[in-house]
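In what follows, a single structure is set out as structure tokens and then discussed.
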Amino acid sequence: MISETVHRIRLGITNCYLMGHPRRWVLVDAGCRGRQGTFFRRLKRLGIGPGDIRLIVVTHVHFDHVGSLAAIRERCGCPVAVHAAEAPLLKAGRIVLPPGTGEFSRRLIAFGQRHPPMVASLYRFDPVIPEIIVEHELDLRGYGVEARVLHTPGHTAGSLTVLTASGHAAVGDLAFGCRFFGANRHMPPFADSLETIAGQWRKLGTAGARWIHPGHGCPFAVRRLLKTVARQ
Ligand SMILES: [Zn+2]
Ligand SMILES: [Zn+2]
């Protein structure tokens, strides 16, 4: 078995990932709004055609992960997969931010609640009708990639992870690869449930993940997450 290649493409503040092989790729997330030009320029440099992308997996419906989704999908002409809990948000072009997990992120949420027009313009994205609704798991071998999509809630109720057979996990915001204003190094600054996140980190370890590719920051070994959980 030839293990899948992973390319990281940063679109605004967010890492998107191409996982797969020449001429058959799955794209994980679509970054911030208006970044499709950056995406297609990078694709060209990698020698990948828009038609080589077989599927786009949305890890969760936050503005920094679906901002350029409509434009990228239109040119690639491929289906979009999202979890059932977040499909209505994607179709409606609507964002719901989870609560802050630290002092700074809680203040940020409170600030946003006091300034709705500013938040509305920041969160804006073009709605997308997804072709594939994931409930628990999705096998990606049908798209030419040895990987599966797992339901990994905690940051949001419908968060997804793409895990390749060789152990590369693109996790969206389930785990961070950088410190966000004093928060725990890997804990997302916003989350529905911290307990659920810790459980999902363990689950990734037992599911065969070796490398974590986060939506923000640099990739790191899964053992770093397991150590963090063990300390708690
Ligand atoms: Zn994010
Ligand atoms: Zn997020």
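Following the order of the structure tokens, chains are lettered A, B, ..., residues in each are numbered from 1, and ligands are numbered from 1.
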Within 8 Å of ligand 1, counting only C-alpha atoms and all ligand atoms, residues as number ranges by chain:
A: 13-14, 62-65, 172-173, 215-216
Would you pick out the contacts of A:Thr101 at 7 Å or less, using only C-alpha atoms, so that residues sharing its chain but fewer than 6 positions from it are not included, and give the list as a list in words?
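Once the nearby chain positions are removed, what remains is Pro189, Phe190 and Ala191 of chain A.
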Do you know which residues are within 12 Å of ligand 2 using only C-alpha atoms and all ligand atoms? Can you write them as a ChimeraX atom specification?
/A:13-15,29,31-32,58-67,95-100,123,153-160,171-176,187-192,214-216
Would you mind exporting N, CA and C atoms of the selected residues as a compact mmCIF listing (two decimals), in the first residue's frame?
```
# COMPACT_ATOMS: atom_id res chain seq x y z
N ILE A 13 -6.52 32.32 8.06
CA ILE A 13 -5.97 31.85 9.34
C ILE A 13 -6.03 30.34 9.47
N THR A 14 -6.53 29.66 8.44
CA THR A 14 -6.88 28.24 8.58
C THR A 14 -6.08 27.33 7.66
N ASN A 15 -5.68 26.17 8.19
CA ASN A 15 -5.04 25.14 7.37
C ASN A 15 -6.10 24.27 6.71
N ASP A 29 -11.63 20.91 4.35
CA ASP A 29 -11.91 22.32 4.67
C ASP A 29 -11.55 23.29 3.53
N GLY A 31 -11.12 26.98 4.22
CA GLY A 31 -10.52 28.23 4.69
C GLY A 31 -11.45 29.43 4.79
N CYS A 32 -10.81 30.60 4.85
CA CYS A 32 -11.54 31.85 5.03
C CYS A 32 -12.12 32.34 3.70
N VAL A 58 -16.03 18.89 4.95
CA VAL A 58 -16.09 20.06 5.84
C VAL A 58 -16.00 19.54 7.27
N THR A 59 -14.91 19.89 8.00
CA THR A 59 -14.79 19.37 9.37
C THR A 59 -15.88 19.95 10.27
N HIS A 60 -16.24 21.21 10.04
CA HIS A 60 -17.34 21.83 10.78
C HIS A 60 -17.67 23.17 10.13
N VAL A 61 -18.88 23.67 10.42
CA VAL A 61 -19.35 24.87 9.71
C VAL A 61 -19.01 26.12 10.54
N HIS A 62 -17.73 26.51 10.50
CA HIS A 62 -17.30 27.80 11.04
C HIS A 62 -16.74 28.62 9.89
N PHE A 63 -16.87 29.97 10.03
CA PHE A 63 -16.54 30.86 8.91
C PHE A 63 -15.13 30.64 8.36
N ASP A 64 -14.20 30.23 9.22
CA ASP A 64 -12.81 30.08 8.78
C ASP A 64 -12.53 28.71 8.15
N HIS A 65 -13.55 27.87 8.04
CA HIS A 65 -13.39 26.54 7.43
C HIS A 65 -14.26 26.36 6.19
N VAL A 66 -15.27 27.24 6.04
CA VAL A 66 -16.17 27.12 4.88
C VAL A 66 -16.21 28.42 4.06
N GLY A 67 -15.32 29.38 4.39
CA GLY A 67 -15.37 30.70 3.75
C GLY A 67 -15.27 30.66 2.23
N ILE A 95 -23.65 30.60 10.95
CA ILE A 95 -22.60 30.15 11.87
C ILE A 95 -23.12 30.21 13.30
N VAL A 96 -22.81 29.19 14.09
CA VAL A 96 -23.06 29.26 15.54
C VAL A 96 -21.72 28.98 16.22
N LEU A 97 -21.21 29.98 16.95
CA LEU A 97 -19.92 29.76 17.64
C LEU A 97 -20.15 29.12 19.00
N PRO A 98 -19.36 28.10 19.36
CA PRO A 98 -19.49 27.49 20.69
C PRO A 98 -18.94 28.43 21.78
N PRO A 99 -19.19 28.12 23.06
CA PRO A 99 -18.69 28.97 24.14
C PRO A 99 -17.16 29.00 24.20
N GLY A 100 -16.63 30.07 24.78
CA GLY A 100 -15.18 30.18 24.98
C GLY A 100 -14.72 29.22 26.06
N TYR A 123 -18.51 36.57 9.90
CA TYR A 123 -18.93 35.17 9.79
C TYR A 123 -19.54 34.82 8.43
N PRO A 153 -17.07 14.79 17.72
CA PRO A 153 -17.66 16.01 18.29
C PRO A 153 -16.86 16.54 19.48
N GLY A 154 -17.21 17.75 19.91
CA GLY A 154 -16.55 18.34 21.07
C GLY A 154 -16.33 19.83 20.83
N HIS A 155 -15.64 20.14 19.73
CA HIS A 155 -15.53 21.56 19.34
C HIS A 155 -16.91 22.03 18.90
N THR A 156 -17.53 21.27 18.00
CA THR A 156 -18.95 21.46 17.66
C THR A 156 -19.59 20.07 17.62
N ALA A 157 -20.92 20.05 17.63
CA ALA A 157 -21.64 18.77 17.69
C ALA A 157 -21.39 17.92 16.45
N GLY A 158 -21.14 18.56 15.31
CA GLY A 158 -21.00 17.80 14.07
C GLY A 158 -19.58 17.79 13.53
N SER A 159 -18.59 17.96 14.40
CA SER A 159 -17.19 18.00 13.92
C SER A 159 -16.76 16.65 13.36
N LEU A 160 -16.01 16.70 12.25
CA LEU A 160 -15.52 15.48 11.58
C LEU A 160 -14.00 15.49 11.53
N VAL A 171 -8.03 17.13 11.63
CA VAL A 171 -9.02 17.16 12.72
C VAL A 171 -9.84 18.44 12.80
N GLY A 172 -9.63 19.39 11.87
CA GLY A 172 -10.34 20.67 12.01
C GLY A 172 -9.94 21.34 13.30
N ASP A 173 -10.91 21.74 14.13
CA ASP A 173 -10.60 22.44 15.39
C ASP A 173 -10.76 21.53 16.61
N LEU A 174 -10.75 20.22 16.42
CA LEU A 174 -10.82 19.29 17.56
C LEU A 174 -9.56 19.43 18.41
N ALA A 175 -8.45 19.78 17.77
CA ALA A 175 -7.20 20.02 18.51
C ALA A 175 -6.45 21.13 17.79
N PHE A 176 -5.79 22.00 18.56
CA PHE A 176 -5.02 23.09 17.98
C PHE A 176 -3.54 22.72 17.94
N MET A 187 -5.86 22.55 23.26
CA MET A 187 -7.31 22.68 23.46
C MET A 187 -7.86 23.85 22.63
N PRO A 188 -8.95 23.63 21.88
CA PRO A 188 -9.50 24.75 21.11
C PRO A 188 -10.03 25.86 22.03
N PRO A 189 -9.90 27.12 21.62
CA PRO A 189 -10.37 28.22 22.46
C PRO A 189 -11.88 28.31 22.57
N PHE A 190 -12.58 27.65 21.66
CA PHE A 190 -14.04 27.60 21.70
C PHE A 190 -14.45 26.13 21.60
N ALA A 191 -15.41 25.72 22.43
CA ALA A 191 -15.81 24.31 22.36
C ALA A 191 -17.16 24.09 23.02
N ASP A 192 -17.91 23.14 22.46
CA ASP A 192 -19.18 22.71 23.07
C ASP A 192 -18.91 21.98 24.37
N PRO A 214 -3.83 19.93 12.38
CA PRO A 214 -4.90 20.79 12.92
C PRO A 214 -5.33 21.90 11.96
N GLY A 215 -6.51 22.44 12.21
CA GLY A 215 -7.01 23.57 11.42
C GLY A 215 -6.21 24.84 11.67
N HIS A 216 -5.52 24.90 12.82
CA HIS A 216 -4.72 26.08 13.15
C HIS A 216 -3.41 25.63 13.79
```
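Rounded to one decimal, atom CA of A:Ala84 and atom CA of A:Gln113 lie 26.7 Å from each other.
Taking only C-alpha atoms into account, A:Leu226 lies nearest to A:Ala198 out of the set A:Ala198, A:Gly177, A:Gly51, A:Gly208.
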As a PyMOL selection string, please: all residues of stretch 2-220 of chain A that backbone DSSP puts in strand (DSSP E).
chain A and resi 5-11+14-21+24-28+53-57+80-83+132-134+137-139+147-151+160-164+168-172+211-214+220
With only C-alpha atoms as the counted atoms, please give the residues lying no more than 6 Å from A:Glu146, apart from itself and same-chain residues fewer than 2 positions off, as a list in words.
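The contact residues come out as Arg141, Thr164 and Ala165 of chain A.
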Please produce an output containing N, CA and C atoms for each residue in the selection, written as an mmCIF file, in the first residue's frame.
```cif
data_model
loop_
_atom_site.group_PDB
_atom_site.id
_atom_site.type_symbol
_atom_site.label_atom_id
_atom_site.label_comp_id
_atom_site.auth_asym_id
_atom_site.auth_seq_id
_atom_site.Cartn_x
_atom_site.Cartn_y
_atom_site.Cartn_z
ATOM 1 N N ARG A 141 -12.577 5.112 0.424
ATOM 2 C CA ARG A 141 -11.939 4.303 -0.632
ATOM 3 C C ARG A 141 -12.656 4.467 -1.966
ATOM 4 N N THR A 164 -6.409 8.912 7.591
ATOM 5 C CA THR A 164 -5.923 8.035 6.523
ATOM 6 C C THR A 164 -5.470 6.708 7.128
ATOM 7 N N ALA A 165 -5.362 5.686 6.272
ATOM 8 C CA ALA A 165 -4.934 4.364 6.738
ATOM 9 C C ALA A 165 -3.509 4.417 7.278
#
```
Within 12 Å of A:Arg42 using only C-alpha atoms, minus same-chain residues under 2 positions, as an MDAnalysis selection string
chainID A and resid 7:11 16:18 35:40 44:50
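For the choices A:His83, A:Arg231, A:Arg41, A:His213, the atom-to-atom distance to A:Cys178 is smallest for A:His213 when using only C-alpha atoms.
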Distance atom CA of A:Leu27-atom CA of A:Arg54, one decimal place?
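If I compute the distance from atom CA of A:Leu27 to atom CA of A:Arg54, I get 8.0 Å.
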Excluding A:Ala169 and its own-chain neighbours fewer than 6 positions away, which residues fall within 7 Å of it when counting only C-alpha atoms? Please give them as a PDB file with N, CA and C atoms, in the first residue's frame.
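Final output, part_35.pdb:
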```pdb
ATOM      1  N   THR A 161     -13.424  14.293  11.458  1.00  0.00           N
ATOM      2  CA  THR A 161     -11.984  14.107  11.250  1.00  0.00           C
ATOM      3  C   THR A 161     -11.795  13.197  10.046  1.00  0.00           C
ATOM      4  N   VAL A 162     -10.809  13.501   9.202  1.00  0.00           N
ATOM      5  CA  VAL A 162     -10.436  12.573   8.135  1.00  0.00           C
ATOM      6  C   VAL A 162      -9.165  11.861   8.579  1.00  0.00           C
ATOM      7  N   LEU A 163      -9.230  10.532   8.691  1.00  0.00           N
ATOM      8  CA  LEU A 163      -8.102   9.722   9.160  1.00  0.00           C
ATOM      9  C   LEU A 163      -7.676   8.776   8.041  1.00  0.00           C
ATOM     10  N   ALA A 209      -4.563   6.919  14.649  1.00  0.00           N
ATOM     11  CA  ALA A 209      -3.953   8.203  14.265  1.00  0.00           C
ATOM     12  C   ALA A 209      -2.533   8.269  14.817  1.00  0.00           C
ATOM     13  N   TRP A 211      -0.345  11.125  13.371  1.00  0.00           N
ATOM     14  CA  TRP A 211      -0.035  12.546  13.197  1.00  0.00           C
ATOM     15  C   TRP A 211      -1.320  13.350  13.150  1.00  0.00           C
ATOM     16  N   ILE A 212      -1.346  14.450  13.909  1.00  0.00           N
ATOM     17  CA  ILE A 212      -2.510  15.327  13.936  1.00  0.00           C
ATOM     18  C   ILE A 212      -2.227  16.530  13.038  1.00  0.00           C
ATOM     19  N   HIS A 213      -3.126  16.780  12.103  1.00  0.00           N
ATOM     20  CA  HIS A 213      -3.022  17.944  11.216  1.00  0.00           C
ATOM     21  C   HIS A 213      -4.157  18.895  11.592  1.00  0.00           C
TER      22      HIS A 213
END
```
One decimal, in Å: what's the spacing between atom CA of A:Glu74 and atom CA of A:Gly144?
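Going from atom CA of A:Glu74 over to atom CA of A:Gly144 covers 20.8 Å.
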Can you list, as a list in words, every protein, DNA or RNA residue that comes within 6 Å of stretch 125-133 of chain A when you count only C-alpha atoms, leaving out same-chain residues fewer than 4 positions away?
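Here the answer would be Gly67, Ala70, Pro79, Val80, Ala81, Val82, His83, Ala84, Leu90, Lys91, Ala92 and Gly93 of chain A.
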Quick one: everything within 12 Å of A:Val229, counting only C-alpha atoms, minus sequence neighbours fewer than 3 positions away in the same chain. Send it as an mmCIF file with C-alpha atoms, in the first residue's frame.
```cif
data_model
loop_
_atom_site.group_PDB
_atom_site.id
_atom_site.type_symbol
_atom_site.label_atom_id
_atom_site.label_comp_id
_atom_site.auth_asym_id
_atom_site.auth_seq_id
_atom_site.Cartn_x
_atom_site.Cartn_y
_atom_site.Cartn_z
ATOM 1 C CA ALA A 175 -7.201 20.022 18.509
ATOM 2 C CA ASN A 184 -3.863 24.934 26.766
ATOM 3 C CA HIS A 186 -3.893 21.822 22.035
ATOM 4 C CA MET A 187 -7.311 22.680 23.464
ATOM 5 C CA LEU A 194 -14.091 19.895 26.851
ATOM 6 C CA GLU A 195 -14.838 16.406 28.272
ATOM 7 C CA THR A 196 -16.055 15.229 24.876
ATOM 8 C CA ILE A 197 -12.889 16.586 23.244
ATOM 9 C CA ALA A 198 -10.627 14.649 25.633
ATOM 10 C CA GLY A 199 -12.608 11.469 24.834
ATOM 11 C CA GLN A 200 -12.228 12.066 21.093
ATOM 12 C CA TRP A 201 -8.466 12.574 21.434
ATOM 13 C CA ARG A 202 -8.253 9.137 23.070
ATOM 14 C CA LYS A 203 -10.481 7.683 20.361
ATOM 15 C CA GLY A 205 -5.224 7.257 19.324
ATOM 16 C CA VAL A 222 -0.809 12.176 18.515
ATOM 17 C CA ARG A 223 1.112 11.172 21.664
ATOM 18 C CA ARG A 224 1.193 14.872 22.618
ATOM 19 C CA LEU A 225 -2.622 14.818 22.882
ATOM 20 C CA LEU A 226 -2.590 11.585 24.845
ATOM 21 C CA GLN A 232 -5.811 15.949 33.415
#
```
Would you please extract all alpha helix (DSSP H) residues from stretch 119-218 of chain A, as assigned by DSSP on the backbone, and give them as JSON, numbers by chain?
{"A": [119, 120, 121, 122, 123, 194, 195, 196, 197, 198, 199, 200, 201, 202, 203, 204, 205, 206]}
Would you put the residues from that selection into a file with N, CA and C atoms, as a tab-separated table (two decimals), in the first residue's frame?
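Generated output (result_3.tsv):
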```
chain	number	residue	atom	x	y	z
A	119	VAL	N	-19.90	41.06	13.82
A	119	VAL	CA	-19.78	39.60	13.82
A	119	VAL	C	-20.41	39.02	12.56
A	120	ALA	N	-21.58	39.57	12.19
A	120	ALA	CA	-22.28	39.05	11.01
A	120	ALA	C	-21.42	39.18	9.76
A	121	SER	N	-20.68	40.32	9.63
A	121	SER	CA	-19.87	40.49	8.42
A	121	SER	C	-18.64	39.58	8.46
A	122	LEU	N	-18.12	39.32	9.65
A	122	LEU	CA	-16.96	38.43	9.79
A	122	LEU	C	-17.33	36.98	9.47
A	123	TYR	N	-18.51	36.57	9.90
A	123	TYR	CA	-18.93	35.17	9.79
A	123	TYR	C	-19.54	34.82	8.43
A	194	LEU	N	-15.50	20.27	26.68
A	194	LEU	CA	-14.09	19.90	26.85
A	194	LEU	C	-13.95	18.40	27.17
A	195	GLU	N	-14.91	17.84	27.93
A	195	GLU	CA	-14.84	16.41	28.27
A	195	GLU	C	-14.95	15.57	27.00
A	196	THR	N	-15.88	15.98	26.13
A	196	THR	CA	-16.06	15.23	24.88
A	196	THR	C	-14.77	15.28	24.05
A	197	ILE	N	-14.13	16.45	24.02
A	197	ILE	CA	-12.89	16.59	23.24
A	197	ILE	C	-11.82	15.62	23.76
A	198	ALA	N	-11.64	15.55	25.07
A	198	ALA	CA	-10.63	14.65	25.63
A	198	ALA	C	-10.94	13.20	25.23
A	199	GLY	N	-12.21	12.82	25.24
A	199	GLY	CA	-12.61	11.47	24.83
A	199	GLY	C	-12.30	11.21	23.36
A	200	GLN	N	-12.49	12.22	22.53
A	200	GLN	CA	-12.23	12.07	21.09
A	200	GLN	C	-10.73	11.97	20.82
A	201	TRP	N	-9.93	12.67	21.60
A	201	TRP	CA	-8.47	12.57	21.43
A	201	TRP	C	-8.03	11.13	21.69
A	202	ARG	N	-8.60	10.54	22.77
A	202	ARG	CA	-8.25	9.14	23.07
A	202	ARG	C	-8.71	8.24	21.93
A	203	LYS	N	-9.91	8.51	21.44
A	203	LYS	CA	-10.48	7.68	20.36
A	203	LYS	C	-9.58	7.72	19.12
A	204	LEU	N	-9.04	8.89	18.81
A	204	LEU	CA	-8.15	9.00	17.64
A	204	LEU	C	-6.92	8.12	17.81
A	205	GLY	N	-6.40	8.10	19.04
A	205	GLY	CA	-5.22	7.26	19.32
A	205	GLY	C	-5.53	5.80	19.06
A	206	THR	N	-6.67	5.33	19.55
A	206	THR	CA	-7.00	3.90	19.37
A	206	THR	C	-7.44	3.61	17.92
```
If you count only C-alpha atoms, the residue of A:Thr152, A:His115, A:Ala207, A:Val28 closest to A:Ser193 turns out to be A:Thr152
